[in-house]
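Student: This structure is in structure tokens; I'll ask about it shortly.
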Amino acid sequence: GDSVTQMEGPVTLSEEAFLTINCTYTATGYPSLFWYVQYPGEGLQLLLKATKADDKGSNKGFEATYRKETTSFHLEKGSVQVSDSAVYFCALSASGGSYIPTFGRGTSLIVHP
Amino acid sequence: DVKVTQSSRYLVKRTGEKVFLECVQDMDHENMFWYRQDPGLGLRLIYFSYDVKMKEKGDIPEGYSVSREKKERFSLILESASTNQTSMYLCASSPTGVRGGSGNQPQHFGDGTRLSIL
């Protein structure tokens, strides 16, 4: 079946450091890919998405590129802020008639001043 | 702005009680979902519904039931609460894609209910 693998956290960075959170997936067909963010005490919210190969999703300084050849969707940000401290989830939604997305287990990011 | 509202942020109940968690969405979405979130285990799907009065079991339905009498409301029921059901519960909704299923549509989540069973 479909699966999503994320790097385990926590990832601890200093403010203004470069961020990469790795995400790889296994799926049949051509899934859509998502990154969600969960701030402390809140639910998940969509950060960015990409629906086809080579698409780049971007939002709030975060970027991720849909790489079909490496089945990856790594999240990057050039300069993190303390306010980016949160849990990040990579997810895929399979093509066809599936209603249920597949989520990774989440990666906690802690940014120190 | 789109909104998924869960009735309680924090809830404390006793073992054996029947517990109701309510979720309402204002986006006219066809699909609604209940997850539980536990440290180290990520999100696990309990039940989902793709239409009024329709429901499907997710990965961990044991000890839970759901009700969807109206399109905007999806209720999770703990029939007889137990301590191992202490968790964060998240409700989500999504529209149906043009080819069925959720397609490339993201889910919209509520803020969660942190439930403690004593």
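FYI, nothing fancy with the structure tokens labels: chains A, B, ... in order, residues from 1 per chain, ligands from 1 as they appear.
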Identify every residue of chain B that has at least one atom within 10 Å of any atom of chain A, counting only C-alpha atoms, and report the result as a tab-separated table (two decimals) with N, CA and C atoms, in the first residue's frame.
Tutor:
```tsv
chain	number	residue	atom	x	y	z
B	4	VAL	N	-13.37	24.31	10.50
B	4	VAL	CA	-13.80	23.06	11.12
B	4	VAL	C	-13.76	23.30	12.63
B	9	ARG	N	-12.14	21.88	23.48
B	9	ARG	CA	-10.67	21.79	23.38
B	9	ARG	C	-10.11	20.79	24.38
B	31	ASN	N	-16.67	14.88	2.61
B	31	ASN	CA	-15.91	13.91	3.39
B	31	ASN	C	-15.52	14.46	4.74
B	32	MET	N	-15.69	13.63	5.75
B	32	MET	CA	-15.26	14.01	7.10
B	32	MET	C	-14.56	12.83	7.75
B	33	PHE	N	-13.62	13.15	8.66
B	33	PHE	CA	-12.70	12.17	9.20
B	33	PHE	C	-12.51	12.39	10.70
B	37	GLN	N	-4.34	11.28	17.70
B	37	GLN	CA	-2.93	11.59	17.58
B	37	GLN	C	-2.25	11.29	18.91
B	39	PRO	N	1.73	10.60	20.82
B	39	PRO	CA	3.17	10.79	20.64
B	39	PRO	C	3.84	9.56	20.05
B	40	GLY	N	4.63	9.79	19.00
B	40	GLY	CA	5.37	8.69	18.37
B	40	GLY	C	4.57	7.85	17.40
B	41	LEU	N	3.25	8.03	17.37
B	41	LEU	CA	2.41	7.22	16.50
B	41	LEU	C	1.78	8.02	15.36
B	42	GLY	N	1.97	9.30	15.36
B	42	GLY	CA	1.41	10.12	14.29
B	42	GLY	C	-0.10	10.16	14.34
B	43	LEU	N	-0.72	10.31	13.18
B	43	LEU	CA	-2.17	10.34	13.06
B	43	LEU	C	-2.68	8.95	12.70
B	44	ARG	N	-3.70	8.51	13.38
B	44	ARG	CA	-4.33	7.24	13.04
B	44	ARG	C	-5.82	7.47	12.79
B	45	LEU	N	-6.28	6.94	11.68
B	45	LEU	CA	-7.67	7.16	11.27
B	45	LEU	C	-8.60	6.22	12.02
B	48	PHE	N	-14.16	7.39	8.85
B	48	PHE	CA	-14.45	8.50	7.96
B	48	PHE	C	-15.82	8.32	7.34
B	49	SER	N	-16.30	9.41	6.76
B	49	SER	CA	-17.63	9.42	6.15
B	49	SER	C	-17.54	10.19	4.84
B	50	TYR	N	-18.06	9.62	3.77
B	50	TYR	CA	-18.00	10.29	2.47
B	50	TYR	C	-19.36	10.84	2.04
B	58	GLY	N	-11.81	3.08	9.79
B	58	GLY	CA	-10.42	3.36	9.50
B	58	GLY	C	-9.52	2.29	10.06
B	88	MET	N	-5.33	12.93	21.91
B	88	MET	CA	-5.80	14.09	21.16
B	88	MET	C	-6.61	13.58	19.98
B	89	TYR	N	-7.82	14.11	19.83
B	89	TYR	CA	-8.70	13.71	18.73
B	89	TYR	C	-8.85	14.87	17.75
B	90	LEU	N	-8.61	14.57	16.49
B	90	LEU	CA	-8.67	15.58	15.44
B	90	LEU	C	-9.74	15.23	14.43
B	91	CYS	N	-10.55	16.20	14.09
B	91	CYS	CA	-11.56	16.07	13.05
B	91	CYS	C	-11.05	16.78	11.80
B	92	ALA	N	-11.38	16.26	10.64
B	92	ALA	CA	-10.98	16.89	9.39
B	92	ALA	C	-12.09	16.74	8.35
B	94	SER	N	-12.86	17.26	3.86
B	94	SER	CA	-12.30	17.54	2.53
B	94	SER	C	-13.42	17.42	1.50
B	95	PRO	N	-13.28	18.12	0.40
B	95	PRO	CA	-14.26	17.96	-0.68
B	95	PRO	C	-13.94	16.71	-1.49
B	96	THR	N	-14.89	16.27	-2.25
B	96	THR	CA	-14.67	15.14	-3.16
B	96	THR	C	-14.07	15.66	-4.45
B	97	GLY	N	-13.05	15.00	-4.96
B	97	GLY	CA	-12.41	15.40	-6.19
B	97	GLY	C	-13.30	15.12	-7.40
B	98	VAL	N	-12.92	15.68	-8.53
B	98	VAL	CA	-13.76	15.55	-9.73
B	98	VAL	C	-13.84	14.11	-10.22
B	99	ARG	N	-12.83	13.30	-9.85
B	99	ARG	CA	-12.85	11.90	-10.24
B	99	ARG	C	-13.21	10.99	-9.09
B	100	GLY	N	-13.86	11.57	-8.07
B	100	GLY	CA	-14.17	10.78	-6.89
B	100	GLY	C	-13.03	10.79	-5.91
B	101	GLY	N	-13.28	10.28	-4.72
B	101	GLY	CA	-12.25	10.30	-3.70
B	101	GLY	C	-11.88	11.73	-3.33
B	102	SER	N	-10.75	11.89	-2.70
B	102	SER	CA	-10.30	13.23	-2.30
B	102	SER	C	-9.40	13.86	-3.34
B	103	GLY	N	-8.93	13.06	-4.30
B	103	GLY	CA	-8.12	13.60	-5.38
B	103	GLY	C	-6.99	14.45	-4.85
B	104	ASN	N	-6.83	15.65	-5.37
B	104	ASN	CA	-5.73	16.51	-4.95
B	104	ASN	C	-6.19	17.56	-3.94
B	105	GLN	N	-7.28	17.30	-3.27
B	105	GLN	CA	-7.81	18.25	-2.31
B	105	GLN	C	-7.21	18.02	-0.92
B	106	PRO	N	-6.72	19.06	-0.27
B	106	PRO	CA	-6.19	18.90	1.08
B	106	PRO	C	-7.31	18.73	2.10
B	107	GLN	N	-6.93	18.23	3.25
B	107	GLN	CA	-7.88	18.18	4.36
B	107	GLN	C	-7.81	19.47	5.16
B	108	HIS	N	-8.94	19.80	5.80
B	108	HIS	CA	-9.02	20.95	6.70
B	108	HIS	C	-9.30	20.40	8.09
B	109	PHE	N	-8.49	20.81	9.05
B	109	PHE	CA	-8.56	20.23	10.38
B	109	PHE	C	-9.13	21.21	11.41
B	110	GLY	N	-9.80	20.66	12.41
B	110	GLY	CA	-10.15	21.42	13.59
B	110	GLY	C	-8.95	21.53	14.52
B	111	ASP	N	-9.13	22.25	15.63
B	111	ASP	CA	-8.03	22.46	16.57
B	111	ASP	C	-7.80	21.30	17.53
B	112	GLY	N	-8.66	20.30	17.46
B	112	GLY	CA	-8.45	19.12	18.28
B	112	GLY	C	-9.15	19.18	19.62
B	113	THR	N	-9.45	18.00	20.15
B	113	THR	CA	-9.98	17.85	21.51
B	113	THR	C	-9.01	16.96	22.27
B	114	ARG	N	-8.48	17.51	23.35
B	114	ARG	CA	-7.60	16.69	24.20
B	114	ARG	C	-8.48	16.03	25.25
```
Student: List the neighbours of A:Ser108 out to 7 Å using only C-alpha atoms; skip same-chain residues closer than 2 positions along the sequence, and give me the result as a compact mmCIF listing (two decimals) with N, CA, C and O atoms, in the first residue's frame.
Tutor:
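Written output follows (part.txt):
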```txt
# COMPACT_ATOMS: atom_id res chain seq x y z
N GLY A 9 12.48 13.29 14.19
CA GLY A 9 12.98 14.47 14.89
C GLY A 9 13.32 14.15 16.32
O GLY A 9 13.43 12.98 16.69
N PRO A 10 13.46 15.17 17.14
CA PRO A 10 13.28 16.55 16.74
C PRO A 10 14.47 17.09 15.95
O PRO A 10 15.59 16.63 16.11
N VAL A 11 14.17 18.05 15.09
CA VAL A 11 15.21 18.81 14.41
C VAL A 11 15.36 20.11 15.19
O VAL A 11 14.38 20.83 15.39
N ALA A 86 7.33 23.88 15.29
CA ALA A 86 6.05 23.19 15.09
C ALA A 86 6.36 21.75 14.69
O ALA A 86 7.52 21.35 14.59
N VAL A 87 5.30 20.99 14.46
CA VAL A 87 5.45 19.64 13.90
C VAL A 87 5.01 19.67 12.45
O VAL A 87 3.94 20.22 12.13
N TYR A 88 5.81 19.10 11.56
CA TYR A 88 5.55 19.12 10.13
C TYR A 88 5.23 17.71 9.65
O TYR A 88 5.97 16.75 9.95
N GLY A 106 5.34 12.67 11.16
CA GLY A 106 5.58 14.03 11.65
C GLY A 106 7.02 14.22 12.11
O GLY A 106 7.65 13.30 12.62
N ILE A 110 12.36 22.47 16.31
CA ILE A 110 12.56 23.43 17.41
C ILE A 110 13.60 24.43 16.95
O ILE A 110 14.72 24.06 16.58
```
Student: As a ChimeraX atom specification, please: all residues of chain A that backbone DSSP puts in strand (DSSP E or B).
Tutor: /A:3-6,11-14,19-21,23-26,32-38,44-50,56-59,62-65,67,72,75-77,86-93,102-103,107-112
Student: State, in Å with one decimal place, the distance from atom CA of A:Glu63 to atom CA of A:Val82.
Tutor: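 Between atom CA of A:Glu63 and atom CA of A:Val82 the gap is 17.9 Å.
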Student: State, in Å with one decimal place, the distance from atom CA of B:Ser67 to atom CA of B:Ile46.
Tutor: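 Going from atom CA of B:Ser67 over to atom CA of B:Ile46, I get 12.7 Å.
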Student: As an exercise, work out the distance from atom CA of B:Thr5 to atom CA of B:Arg36 in Å and give it to one decimal place.
Tutor: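 Rounded to one decimal, the two atoms are 15.9 Å apart.
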Student: Please determine, counting only C-alpha atoms, which residue among B:Asp38, B:Glu17, B:Lys53, B:Lys3 has the shortest atom-to-atom distance to B:Ser75.
Tutor: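 Closest residue, counting only C-alpha atoms: B:Lys53.
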